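**Q** Sharing structure12.txt (compact mmCIF, C-alpha atoms) below.
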# COMPACT_ATOMS: atom_id res chain seq x y z
CA MET A 589 -20.70 67.08 -46.85
CA LYS A 590 -17.03 66.12 -46.63
CA GLN A 591 -16.46 67.98 -49.91
CA THR A 592 -17.91 71.21 -48.47
CA LYS A 593 -15.75 70.81 -45.40
CA LEU A 594 -12.66 70.41 -47.52
CA LEU A 595 -13.53 73.52 -49.54
CA ASN A 596 -13.98 75.50 -46.33
CA ILE A 597 -10.60 74.30 -45.10
CA LEU A 598 -8.88 75.21 -48.36
CA ALA A 599 -10.47 78.67 -48.25
CA LYS A 600 -8.96 79.12 -44.78
CA VAL A 601 -5.56 78.08 -46.12
CA LYS A 602 -5.83 80.77 -48.81
CA SER A 603 -6.62 83.47 -46.25
CA PHE A 604 -3.79 82.35 -43.93
CA PRO A 605 -1.31 85.21 -43.35
CA SER A 606 1.48 85.43 -45.85
CA MET A 607 5.09 84.90 -44.83
CA PRO A 608 6.61 88.01 -43.27
CA GLU A 609 8.44 89.86 -46.03
CA ALA A 610 11.85 89.81 -44.37
CA ALA A 611 11.62 86.04 -43.84
CA ALA A 612 10.67 85.43 -47.47
CA LYS A 613 13.64 87.47 -48.67
CA LEU A 614 16.04 85.72 -46.30
CA LEU A 615 14.82 82.30 -47.34
CA VAL A 616 15.90 83.04 -50.89
CA LEU A 617 19.36 83.92 -49.59
CA LEU A 618 19.57 80.60 -47.73
CA ASP A 619 19.67 78.77 -51.07
CA ASN A 620 22.42 80.98 -52.38
CA ASN A 621 26.01 80.23 -51.44
CA ASP A 622 27.39 83.70 -52.17
CA THR A 623 25.30 85.46 -49.54
CA THR A 624 27.16 88.13 -47.58
CA ALA A 625 26.58 89.59 -44.14
CA ALA A 626 25.90 92.92 -45.81
CA GLN A 627 22.95 91.48 -47.74
CA ILE A 628 21.42 90.14 -44.54
CA GLU A 629 21.96 93.43 -42.74
CA GLN A 630 20.32 95.23 -45.63
CA ILE A 631 17.13 93.22 -45.20
CA LEU A 632 17.06 93.45 -41.43
CA ARG A 633 17.78 97.17 -41.34
CA TYR A 634 14.12 97.94 -42.00
CA ASP A 635 12.84 95.67 -39.28
CA PRO A 636 14.22 96.73 -35.89
CA GLY A 637 11.90 94.35 -33.98
CA LEU A 638 13.24 91.41 -35.92
CA THR A 639 16.83 92.54 -35.40
CA ALA A 640 16.27 92.84 -31.66
CA ASN A 641 14.80 89.33 -31.52
CA LEU A 642 17.67 87.99 -33.55
CA LEU A 643 20.27 89.43 -31.20
CA ARG A 644 18.34 88.10 -28.20
CA LEU A 645 18.42 84.61 -29.70
CA THR A 646 22.11 84.91 -30.57
CA ASN A 647 22.85 85.87 -26.98
CA SER A 648 20.68 83.08 -25.50
CA ALA A 649 22.24 80.39 -23.35
CA TYR A 650 21.71 77.91 -26.20
CA PHE A 651 24.73 79.24 -28.07
CA GLY A 652 26.74 79.74 -24.88
CA ARG A 653 28.69 82.77 -26.12
CA PRO A 654 30.94 84.28 -23.46
CA CYS A 655 30.34 87.86 -24.62
CA GLN A 656 27.28 89.81 -25.75
CA VAL A 657 26.72 90.17 -29.46
CA GLY A 658 25.56 93.67 -30.35
CA SER A 659 25.19 93.78 -34.11
CA VAL A 660 23.92 91.71 -37.01
CA ASN A 661 27.40 91.75 -38.49
CA GLN A 662 28.94 90.27 -35.32
CA ALA A 663 26.17 87.67 -35.18
CA VAL A 664 26.94 86.57 -38.74
CA VAL A 665 30.62 86.19 -37.89
CA LEU A 666 29.89 84.18 -34.75
CA LEU A 667 27.10 81.90 -35.91
CA GLY A 668 27.52 81.84 -39.67
CA TRP A 669 24.86 83.38 -41.85
CA LYS A 670 22.89 80.18 -42.42
CA LYS A 671 22.27 79.68 -38.70
CA LEU A 672 21.46 83.34 -38.44
CA ILE A 673 18.79 83.15 -41.12
CA GLN A 674 17.24 80.19 -39.31
CA LEU A 675 17.02 82.27 -36.16
CA VAL A 676 15.35 85.08 -38.06
CA MET A 677 12.81 82.57 -39.34
CA ALA A 678 12.22 81.43 -35.77
CA SER A 679 11.49 84.96 -34.58
CA CYS A 680 9.27 85.59 -37.60
CA VAL A 681 7.00 82.66 -36.85
CA ASN A 682 6.96 83.24 -33.08
CA ALA A 683 3.92 85.51 -33.31
CA VAL A 684 1.79 83.12 -35.36
CA MET A 685 2.94 79.85 -33.74
CA GLY A 686 2.56 81.29 -30.23
CA LYS A 687 -1.23 81.33 -30.39
CA PRO A 688 -3.41 78.74 -28.64
CA VAL A 689 -4.43 75.91 -30.97
CA LEU A 690 -8.05 74.73 -30.99
CA GLY A 691 -8.93 71.07 -31.45
CA TYR A 692 -5.55 69.86 -30.32
CA ASP A 693 -6.04 71.78 -27.05
CA LEU A 694 -2.64 73.44 -27.03
CA PRO A 695 -2.47 76.46 -24.72
CA ALA A 696 -0.82 79.69 -25.91
CA GLY A 697 2.89 79.25 -26.48
CA GLU A 698 2.85 75.45 -26.52
CA LEU A 699 2.94 74.96 -30.31
CA TRP A 700 5.83 77.43 -30.41
CA ARG A 701 7.70 75.51 -27.71
CA HIS A 702 7.00 72.27 -29.56
CA SER A 703 8.25 73.75 -32.83
CA ILE A 704 11.49 74.94 -31.23
CA ALA A 705 11.87 71.58 -29.47
CA VAL A 706 11.51 69.61 -32.70
CA SER A 707 14.02 71.95 -34.38
CA VAL A 708 16.72 71.50 -31.73
CA ALA A 709 16.00 67.77 -31.37
CA ALA A 710 16.24 67.36 -35.16
CA GLU A 711 19.61 69.12 -35.26
CA ASP A 712 20.82 67.09 -32.29
CA LEU A 713 19.70 63.82 -33.95
CA VAL A 714 21.70 64.73 -37.05
CA LYS A 715 24.74 65.28 -34.85
CA GLU A 716 24.20 62.10 -32.82
CA LEU A 717 23.69 59.97 -35.95
CA LYS A 718 26.57 61.67 -37.77
CA ILE A 719 24.41 62.33 -40.82
CA ALA A 720 25.38 65.01 -43.34
CA LYS A 721 23.59 68.13 -42.24
CA SER A 722 21.05 69.87 -44.40
CA GLU A 723 20.54 73.57 -43.70
CA GLU A 724 16.82 73.14 -44.10
CA ILE A 725 16.36 70.84 -41.12
CA PHE A 726 15.84 73.61 -38.58
CA THR A 727 13.25 75.41 -40.69
CA ALA A 728 11.41 72.23 -41.73
CA ALA A 729 11.18 71.17 -38.09
CA LEU A 730 10.16 74.65 -37.00
CA LEU A 731 7.21 74.72 -39.38
CA HIS A 732 6.15 71.06 -39.49
CA ASP A 733 2.91 71.69 -37.57
CA VAL A 734 1.91 75.01 -39.13
CA GLY A 735 -1.12 73.23 -40.62
CA LYS A 736 -2.56 72.74 -37.14
CA LEU A 737 -3.22 76.47 -36.97
CA VAL A 738 -5.67 76.20 -39.86
CA LEU A 739 -7.03 72.73 -39.24
CA GLY A 740 -7.49 73.14 -35.46
CA GLY A 741 -10.86 74.89 -35.72
CA PHE A 742 -12.18 72.15 -38.02
CA VAL A 743 -10.77 69.41 -35.80
CA LYS A 744 -12.60 70.96 -32.87
CA GLU A 745 -15.92 70.95 -34.73
CA ASP A 746 -15.61 67.25 -35.57
CA LEU A 747 -13.58 66.16 -32.57
CA GLU A 748 -15.97 63.43 -31.50
CA LYS A 749 -15.97 61.79 -34.93
CA ILE A 750 -12.20 62.07 -35.27
CA GLU A 751 -11.64 60.63 -31.82
CA ILE A 752 -13.94 57.69 -32.54
CA GLU A 753 -11.91 56.93 -35.67
CA ALA A 754 -8.62 57.34 -33.79
CA SER A 755 -9.82 55.05 -31.00
CA ARG A 756 -9.67 52.17 -33.50
CA GLY A 757 -5.92 52.32 -33.18
CA ILE A 758 -5.13 54.45 -36.23
CA SER A 759 -2.89 57.48 -36.25
CA PHE A 760 -4.59 60.82 -35.49
CA GLU A 761 -3.72 62.38 -38.86
CA VAL A 762 -5.29 59.38 -40.62
CA ALA A 763 -8.45 59.96 -38.56
CA GLU A 764 -8.38 63.63 -39.57
CA ARG A 765 -8.24 62.59 -43.21
CA ILE A 766 -11.15 60.14 -42.86
CA VAL A 767 -13.41 62.77 -41.29
CA LEU A 768 -12.19 66.02 -42.87
CA GLY A 769 -10.76 64.84 -46.19
CA THR A 770 -7.32 66.20 -45.36
CA ASP A 771 -4.85 66.31 -42.45
CA HIS A 772 -2.65 68.89 -40.74
CA ALA A 773 0.50 67.72 -42.56
CA GLU A 774 -1.06 68.24 -45.98
CA ILE A 775 -2.47 71.62 -44.96
CA GLY A 776 0.91 72.69 -43.57
CA ALA A 777 2.59 71.71 -46.83
CA GLN A 778 0.03 73.74 -48.76
CA ILE A 779 0.73 76.82 -46.63
CA LEU A 780 4.47 76.48 -47.24
CA LYS A 781 3.83 76.03 -50.96
CA ASN A 782 1.84 79.27 -50.93
CA TRP A 783 4.80 80.87 -49.18
CA SER A 784 7.03 79.66 -52.06
CA PHE A 785 9.18 77.46 -49.83
CA PRO A 786 11.61 75.06 -51.54
CA PRO A 787 10.12 71.63 -52.44
CA THR A 788 12.34 69.60 -50.06
CA LEU A 789 11.03 71.64 -47.16
CA VAL A 790 7.41 71.37 -48.31
CA ASN A 791 7.94 67.64 -48.68
CA ALA A 792 9.32 67.21 -45.16
CA VAL A 793 6.27 68.96 -43.71
CA ARG A 794 3.86 67.04 -45.96
CA TRP A 795 5.16 63.62 -44.91
CA HIS A 796 6.29 64.26 -41.34
CA HIS A 797 3.83 61.65 -40.02
CA ASP A 798 4.14 59.23 -42.91
CA PRO A 799 7.66 59.46 -44.34
CA ASP A 800 7.34 56.16 -46.25
CA SER A 801 4.54 57.48 -48.46
CA ALA A 802 6.58 60.30 -50.03
CA ASP A 803 7.46 59.83 -53.71
CA LYS A 804 11.07 59.71 -52.65
CA THR A 805 12.14 59.03 -49.07
CA ASP A 806 14.31 61.76 -47.64
CA THR A 807 16.58 61.98 -44.59
CA LEU A 808 15.20 65.44 -43.83
CA THR A 809 11.66 64.04 -43.57
CA ASP A 810 12.81 61.03 -41.53
CA ILE A 811 14.61 63.27 -39.04
CA VAL A 812 11.63 65.61 -38.58
CA HIS A 813 9.38 62.54 -38.20
CA VAL A 814 11.49 61.06 -35.39
CA ALA A 815 12.19 64.39 -33.65
CA ASN A 816 8.47 65.22 -33.65
CA ILE A 817 7.42 61.97 -31.97
CA LEU A 818 10.27 62.22 -29.48
CA CYS A 819 9.19 65.72 -28.41
CA LEU A 820 5.59 64.58 -27.97
CA MET A 821 6.82 61.66 -25.87
CA ILE A 822 8.74 63.95 -23.54
CA GLY A 823 5.65 66.09 -23.17
CA ILE A 824 6.57 69.16 -25.22
CA GLY A 825 3.51 70.18 -27.22
CA VAL A 826 1.58 67.02 -26.48
CA GLY A 827 -2.05 67.91 -27.09
CA ARG A 828 -5.40 66.26 -26.66
CA GLU A 829 -4.52 63.55 -29.18
CA GLY A 830 -1.56 62.56 -27.00
CA LEU A 831 0.85 60.10 -28.59
CA CYS A 832 -1.68 58.90 -31.16
CA TYR A 833 0.92 58.86 -33.94
CA LYS A 834 2.94 56.03 -35.39
CA PRO A 835 6.74 56.04 -35.66
CA SER A 836 7.79 54.45 -38.95
CA PRO A 837 10.03 51.39 -38.45
CA LEU A 838 11.44 51.97 -41.96
CA ALA A 839 12.42 55.56 -41.18
CA THR A 840 14.25 54.53 -38.00
CA LYS A 841 15.99 51.81 -40.01
CA ARG A 842 16.99 54.24 -42.76
CA LEU A 843 18.46 56.56 -40.13
CA GLY A 844 20.21 53.72 -38.27
CA LEU A 845 18.55 55.02 -35.09
CA ARG A 846 19.09 53.08 -31.88
CA THR A 847 17.48 53.35 -28.45
CA ASN A 848 20.55 55.02 -27.00
CA ASP A 849 20.60 57.72 -29.69
CA LEU A 850 16.98 58.58 -29.01
CA GLU A 851 17.37 58.69 -25.23
CA MET A 852 20.58 60.69 -25.47
CA VAL A 853 18.89 63.34 -27.62
CA ALA A 854 15.89 63.35 -25.25
CA SER A 855 18.16 64.01 -22.28
CA ARG A 856 19.59 67.12 -23.97
CA THR A 857 16.51 68.54 -25.70
CA LEU A 858 14.80 70.01 -22.65
CA GLN A 859 17.75 72.22 -21.73
CA TYR A 860 18.11 73.46 -25.32
CA VAL A 861 14.42 74.34 -25.47
CA ASP A 862 14.51 76.24 -22.20
CA ASP A 863 17.62 78.14 -23.29
CA LEU A 864 16.00 79.27 -26.55
CA CYS A 865 12.42 79.79 -25.43
CA ASN A 866 13.32 81.86 -22.38
CA VAL A 867 14.47 84.55 -24.78
CA PHE A 868 10.90 85.12 -25.90
CA GLU A 869 9.18 84.46 -22.61
CA SER A 870 11.30 86.82 -20.53
CA ARG A 871 10.26 89.86 -22.53
CA MET B 419 0.39 76.37 -1.98
CA ARG B 420 0.14 74.96 -5.49
CA HIS B 421 3.33 73.41 -6.84
CA VAL B 422 3.91 72.71 -10.52
CA VAL B 423 6.22 69.86 -11.45
CA VAL B 424 7.82 70.33 -14.87
CA VAL B 425 9.53 67.59 -16.88
CA GLY B 426 12.55 66.27 -14.98
CA ASP B 427 11.42 67.76 -11.70
CA MET B 428 10.14 66.87 -8.22
CA LYS B 429 8.07 68.81 -5.70
CA VAL B 430 7.01 67.98 -2.16
CA GLY B 431 4.49 69.57 0.17
CA LYS B 432 2.21 69.09 3.14
CA LYS B 433 -1.37 69.53 4.35
CA GLU B 434 -3.04 72.29 2.33
CA ASP B 435 -0.63 72.09 -0.58
CA SER B 436 -1.41 70.67 -3.97
CA ILE B 437 0.92 69.47 -6.69
CA VAL B 438 0.23 69.26 -10.41
CA THR B 439 2.13 68.05 -13.45
CA TYR B 440 1.03 68.61 -17.04
CA ALA B 441 1.58 66.71 -20.26
CA LEU B 442 2.86 63.31 -19.24
CA GLY B 443 3.62 61.44 -22.45
CA SER B 444 6.18 58.66 -22.07
CA CYS B 445 7.40 60.19 -18.83
CA LEU B 446 6.65 58.68 -15.44
CA GLY B 447 4.55 60.62 -12.95
CA LEU B 448 4.94 59.17 -9.46
CA THR B 449 3.13 60.31 -6.32
CA VAL B 450 4.02 59.30 -2.76
CA TYR B 451 1.82 60.18 0.21
CA ASP B 452 1.79 59.58 3.95
CA PRO B 453 -1.80 60.16 5.13
CA VAL B 454 -0.83 60.39 8.83
CA ALA B 455 1.99 62.89 8.48
CA GLN B 456 0.07 64.48 5.57
CA VAL B 457 3.19 64.88 3.51
CA GLY B 458 3.59 63.94 -0.12
CA GLY B 459 5.56 64.49 -3.27
CA MET B 460 5.49 64.06 -7.01
CA LEU B 461 8.18 63.16 -9.51
CA HIS B 462 8.06 63.69 -13.30
CA ALA B 463 10.93 61.64 -14.76
CA MET B 464 11.69 61.48 -18.47
CA LEU B 465 14.04 58.55 -19.05
CA PRO B 466 14.66 55.18 -17.39
CA LEU B 467 18.38 55.03 -16.67
CA SER B 468 20.84 57.75 -15.74
CA ARG B 469 23.75 55.92 -17.35
CA ILE B 470 22.66 57.31 -20.74
CA ASN B 471 23.87 60.77 -19.65
CA PRO B 472 25.56 60.74 -16.20
CA GLN B 473 26.46 64.40 -16.50
CA LYS B 474 22.78 65.36 -16.84
CA ALA B 475 21.89 63.01 -13.98
CA GLU B 476 24.43 64.75 -11.78
CA ALA B 477 22.94 68.16 -12.62
CA ASN B 478 19.31 66.96 -12.45
CA PRO B 479 18.64 63.52 -10.92
CA PHE B 480 14.88 63.96 -11.45
CA MET B 481 15.27 63.51 -15.19
CA PHE B 482 15.80 59.77 -14.70
CA VAL B 483 13.68 57.12 -12.98
CA ASP B 484 16.63 55.32 -11.37
CA THR B 485 17.99 58.47 -9.72
CA GLY B 486 14.73 60.41 -9.22
CA VAL B 487 12.63 57.78 -7.44
CA PRO B 488 15.06 57.21 -4.51
CA LYS B 489 15.38 60.99 -4.09
CA LEU B 490 11.60 61.37 -3.82
CA PHE B 491 11.33 58.65 -1.15
CA LYS B 492 14.26 60.02 0.86
CA LYS B 493 12.74 63.48 0.82
CA ILE B 494 9.38 62.17 2.06
CA TYR B 495 11.14 60.23 4.87
CA SER B 496 13.00 63.38 5.88
CA MET B 497 9.65 65.19 6.18
CA GLY B 498 8.26 62.59 8.59
CA GLY B 499 6.81 60.10 6.15
CA GLN B 500 7.00 56.45 7.21
CA LYS B 501 7.53 53.63 4.77
CA ALA B 502 4.75 51.40 6.14
CA ARG B 503 2.15 54.14 5.67
CA LEU B 504 3.10 55.36 2.20
CA ILE B 505 0.57 55.34 -0.63
CA VAL B 506 2.36 55.15 -3.95
CA LYS B 507 0.71 55.79 -7.33
CA ALA B 508 2.12 55.83 -10.84
CA ALA B 509 0.83 57.49 -14.02
CA GLY B 510 2.06 58.12 -17.55
CA CYS B 511 4.59 55.89 -19.37
CA GLY B 512 2.55 56.22 -22.59
CA GLN B 513 3.58 54.93 -26.01
CA PRO B 514 3.06 56.06 -29.55
CA LEU B 515 1.23 53.61 -31.84
CA GLY B 516 2.92 50.55 -33.33
CA LYS B 517 5.49 48.13 -32.06
CA ASN B 518 8.69 50.10 -32.65
CA GLU B 519 10.92 49.03 -29.71
CA ILE B 520 13.12 52.13 -29.93
CA PHE B 521 10.18 54.34 -29.00
CA LYS B 522 9.13 52.31 -25.94
CA ILE B 523 10.66 54.76 -23.49
CA GLY B 524 7.41 54.68 -21.49
CA ASP B 525 7.62 50.90 -21.12
CA ARG B 526 11.22 51.11 -20.00
CA ASN B 527 10.40 53.85 -17.49
CA TYR B 528 7.73 51.68 -15.92
CA THR B 529 9.95 48.59 -15.85
CA ILE B 530 12.68 50.43 -13.96
CA LEU B 531 10.14 51.81 -11.51
CA LYS B 532 8.77 48.31 -10.80
CA LYS B 533 12.29 46.97 -10.25
CA LEU B 534 13.13 49.76 -7.80
CA LEU B 535 9.92 49.33 -5.82
CA TRP B 536 10.26 45.54 -5.77
CA LYS B 537 13.82 45.72 -4.46
CA ASN B 538 12.67 48.00 -1.66
CA GLY B 539 9.55 46.06 -0.74
CA ILE B 540 7.13 48.80 -1.76
CA LEU B 541 3.85 48.10 -3.55
CA LEU B 542 2.06 50.34 -6.01
CA ASN B 543 -1.40 51.25 -4.68
CA ALA B 544 -2.73 52.40 -8.03
CA ARG B 545 -1.55 53.04 -11.56
CA ASP B 546 -2.70 54.53 -14.83
CA ILE B 547 0.02 53.46 -17.22
CA GLY B 548 0.55 53.11 -20.97
CA GLY B 549 -1.71 53.89 -23.92
CA THR B 550 -1.46 56.87 -26.24
CA GLY B 551 -3.20 59.46 -24.04
CA GLY B 552 -1.35 62.46 -22.63
CA ARG B 553 -2.03 62.88 -18.91
CA THR B 554 -2.20 65.67 -16.35
CA VAL B 555 -1.97 64.66 -12.67
CA TYR B 556 -3.49 66.68 -9.81
CA PHE B 557 -2.41 65.65 -6.33
CA ASP B 558 -4.20 67.08 -3.27
CA LEU B 559 -2.08 66.77 -0.13
CA SER B 560 -4.88 67.47 2.34
CA THR B 561 -6.75 64.35 1.22
CA GLY B 562 -4.15 62.41 -0.76
CA ARG B 563 -6.52 62.29 -3.73
CA THR B 564 -4.92 61.91 -7.13
CA ILE B 565 -6.92 62.97 -10.18
CA ILE B 566 -5.83 62.13 -13.71
CA SER B 567 -7.06 64.20 -16.61
CA SER B 568 -6.68 62.73 -20.09
CA LYS B 569 -8.47 63.38 -23.40
CA GLY B 570 -10.82 65.81 -21.67
CA LEU B 571 -11.90 63.30 -18.99
CA GLU B 572 -11.06 63.32 -15.28
CA ASN B 573 -10.71 60.19 -13.17
CA GLU B 574 -9.56 59.53 -9.64
CA LEU B 575 -6.59 57.21 -9.37
Could you render the structure from this file as structure tokens?
**A**
Amino acid sequence: MKQTKLLNILAKVKSFPSMPEAAAKLLVLLDNNDTTAAQIEQILRYDPGLTANLLRLTNSAYFGRPCQVGSVNQAVVLLGWKKLIQLVMASCVNAVMGKPVLGYDLPAGELWRHSIAVSVAAEDLVKELKIAKSEEIFTAALLHDVGKLVLGGFVKEDLEKIEIEASRGISFEVAERIVLGTDHAEIGAQILKNWSFPPTLVNAVRWHHDPDSADKTDTLTDIVHVANILCLMIGIGVGREGLCYKPSPLATKRLGLRTNDLEMVASRTLQYVDDLCNVFESR
Amino acid sequence: MRHVVVVGDMKVGKKEDSIVTYALGSCLGLTVYDPVAQVGGMLHAMLPLSRINPQKAEANPFMFVDTGVPKLFKKIYSMGGQKARLIVKAAGCGQPLGKNEIFKIGDRNYTILKKLLWKNGILLNARDIGGTGGRTVYFDLSTGRTIISSKGLENEL
């Protein structure tokens, strides 16, 4: 029975939409240190919708630029091409992450808002903790819950069973695994693998609820783990399962995280999210 | 009129109004109601103490329990509410699983609320505090009824 369920879930993962072409091409550039603005422009030239979104994001209050940016070239100069590629990724996944999510009871737009929130909170945590910054943090945070889009329908079907398991005081993703044979973190990692994402990024998504179980612990995973729980706590993307997740004491220790750091980041996150999300909502 | 209170926000109303706030996690949801004057308000505060980010507190006092709660009471008094008649209810202040002190923002929010109320001689009439559930609070100002929805279930507070 559980085996059939798992097979059905994996079939759904296979039929999940592929990564938008422009995003896949840009992701390759992100790993390459010789990327030029011209290369990025070349890719975006064939996607006017994406370019428009990118410029909207660049001009959002989040970046606080005094003047309007009108071209991809200008945006590269102002933000740096790595940040720019991250913004393109954000606009690429907006369509798919903006849908309502079954099972977790997230209304339309809420998973998207949560994804953006975890991304900005993750970047802010890195700054607050003075940790060396990895370019992949924004993207890993942005996509950490992509598995919920596939698993949601199955969670809904077995919600009662999963909730009974979770009511014993275990984390919701552990309850998912007991009933369904997998969890949304594993499914998310599988989707990113299918999209040919780099292993560190796949890893961060795979272990975002259980960073201590990864083969090798990683700051990227620890940061996404903490940022995710923080955003749920402040009510951004908190679904039916509520706060039924467990922050890892080892991860907070590895990061040297203190109460003040967490509350400081919380106090700034909301504004950042509003600044970035308004770009998409005001269309 | 139906008011929506977002995170770090406060709304007040009277008689036929209703106030709602969605997705309380660790945040505090506080309702204050005067059944005679039929005025009431709701606060959705995120963090316990404003000293963590005074600049934010200046721009938005409702983000913090220590600055938001006094503002809510003052506003209700200015609308004709009287201290002796007020019905005060608290919801939210949830926690993730485990005993990680750093993540006990909900606990700290509730502690600061209790201190503030105690200092001002105000008692909580009802509360639905803690646990892992996310909460939505509906507050009807014609009756003063407060309904909490969590994990698909609705209960009156």
**Q** Interatomic distance between atom CA of A:Glu724 and atom CA of A:Lys804?
**A**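 Taking atom CA of A:Glu724 as the start and atom CA of A:Lys804 as the end point, the length is 16.9 Å.
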**Q** For stretch 641-649 of chain A, please output as number ranges by chain all residues within 7 Å (counting only C-alpha atoms; exclusion window: fewer than 5 positions along the same chain).
**A** A: 656-658, 663, 675-676, 679, 863-864, 867
**Q** Can you check which residues of chain A have any atom within 6 Å of chain B? Use all atoms listed in the file and format it as a ChimeraX atom specification.
**A** /A:821-823,828,830-834,847
**Q** Keeping C-alpha atoms, export the residues of the selection given above as an mmCIF file, keeping the file's coordinate frame.
**A**
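Dumped to selection-v4.cif:
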data_model
loop_
_atom_site.group_PDB
_atom_site.id
_atom_site.type_symbol
_atom_site.label_atom_id
_atom_site.label_comp_id
_atom_site.auth_asym_id
_atom_site.auth_seq_id
_atom_site.Cartn_x
_atom_site.Cartn_y
_atom_site.Cartn_z
ATOM 1 C CA MET A 821 6.820 61.660 -25.870
ATOM 2 C CA ILE A 822 8.740 63.950 -23.540
ATOM 3 C CA GLY A 823 5.650 66.090 -23.170
ATOM 4 C CA ARG A 828 -5.400 66.260 -26.660
ATOM 5 C CA GLY A 830 -1.560 62.560 -27.000
ATOM 6 C CA LEU A 831 0.850 60.100 -28.590
ATOM 7 C CA CYS A 832 -1.680 58.900 -31.160
ATOM 8 C CA TYR A 833 0.920 58.860 -33.940
ATOM 9 C CA LYS A 834 2.940 56.030 -35.390
ATOM 10 C CA THR A 847 17.480 53.350 -28.450
#
**Q** Kindly extract all protein, DNA and RNA residues lying within 12 Å of the coordinates (10.7, 68.2, -49.3) given in the file, considering all atoms listed in the file, and supply them as a VMD selection string.
**A** chain A and resid 722 724 to 725 727 to 729 732 777 780 to 781 785 to 796 799 802 to 810 812
**Q** Using Å and a single decimal, report how far atom CA of B:Asp546 sits from atom CA of B:Ile530.
**A**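 Atom CA of B:Asp546 lies 15.9 Å from atom CA of B:Ile530.
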**Q** In Å to one decimal, how far is atom CA of B:Glu574 from atom CA of B:Lys493?
**A**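 A separation of 24.9 Å between them.
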**Q** Pick from B:Ile505, B:Ile437, B:Ile565, B:Ile547: nearest to B:Asp525, with only C-alpha atoms counted?
**A**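 Looking at the shortest contact to B:Asp525, the residue is B:Ile547.
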**Q** As a ChimeraX atom specification, please: the residues near stretch 697-706 of chain A (cut-off 8 Å, only C-alpha atoms, same-chain neighbours under 3 positions excluded).
**A** /A:678,682,685-689,694,709-710,729-733,812,815-816,819-820,824-825,857-858,860-861,864-865
**Q** My list of candidates is B:Arg420, B:Lys532, B:Lys492, B:Arg526. Which is closest to B:Val450 when distances are computed with only C-alpha atoms?
**A**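 With only C-alpha atoms as the atom set, the closest residue is B:Lys492.
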**Q** Leaving out B:Leu461 and any residue of its chain fewer than 3 positions from it, which residues lie within 7 Å of it when counting only C-alpha atoms, given as a list in words?
**A** Asp427, Met428, Lys429, Gly447, Leu448, Thr449 and Leu490 of chain B
**Q** Give me the residues within 9 Å of B:Gly562 as an mmCIF file with C-alpha atoms, in the frame of the given file, counting all atoms listed in the file and dropping any in the same chain fewer than 2 places off.
**A**
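Generated output (result-v9.cif):
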data_model
loop_
_atom_site.group_PDB
_atom_site.id
_atom_site.type_symbol
_atom_site.label_atom_id
_atom_site.label_comp_id
_atom_site.auth_asym_id
_atom_site.auth_seq_id
_atom_site.Cartn_x
_atom_site.Cartn_y
_atom_site.Cartn_z
ATOM 1 C CA VAL B 450 4.020 59.300 -2.760
ATOM 2 C CA TYR B 451 1.820 60.180 0.210
ATOM 3 C CA ASP B 452 1.790 59.580 3.950
ATOM 4 C CA PRO B 453 -1.800 60.160 5.130
ATOM 5 C CA GLN B 456 0.070 64.480 5.570
ATOM 6 C CA VAL B 457 3.190 64.880 3.510
ATOM 7 C CA GLY B 458 3.590 63.940 -0.120
ATOM 8 C CA ILE B 505 0.570 55.340 -0.630
ATOM 9 C CA PHE B 557 -2.410 65.650 -6.330
ATOM 10 C CA ASP B 558 -4.200 67.080 -3.270
ATOM 11 C CA LEU B 559 -2.080 66.770 -0.130
ATOM 12 C CA SER B 560 -4.880 67.470 2.340
ATOM 13 C CA THR B 564 -4.920 61.910 -7.130
#
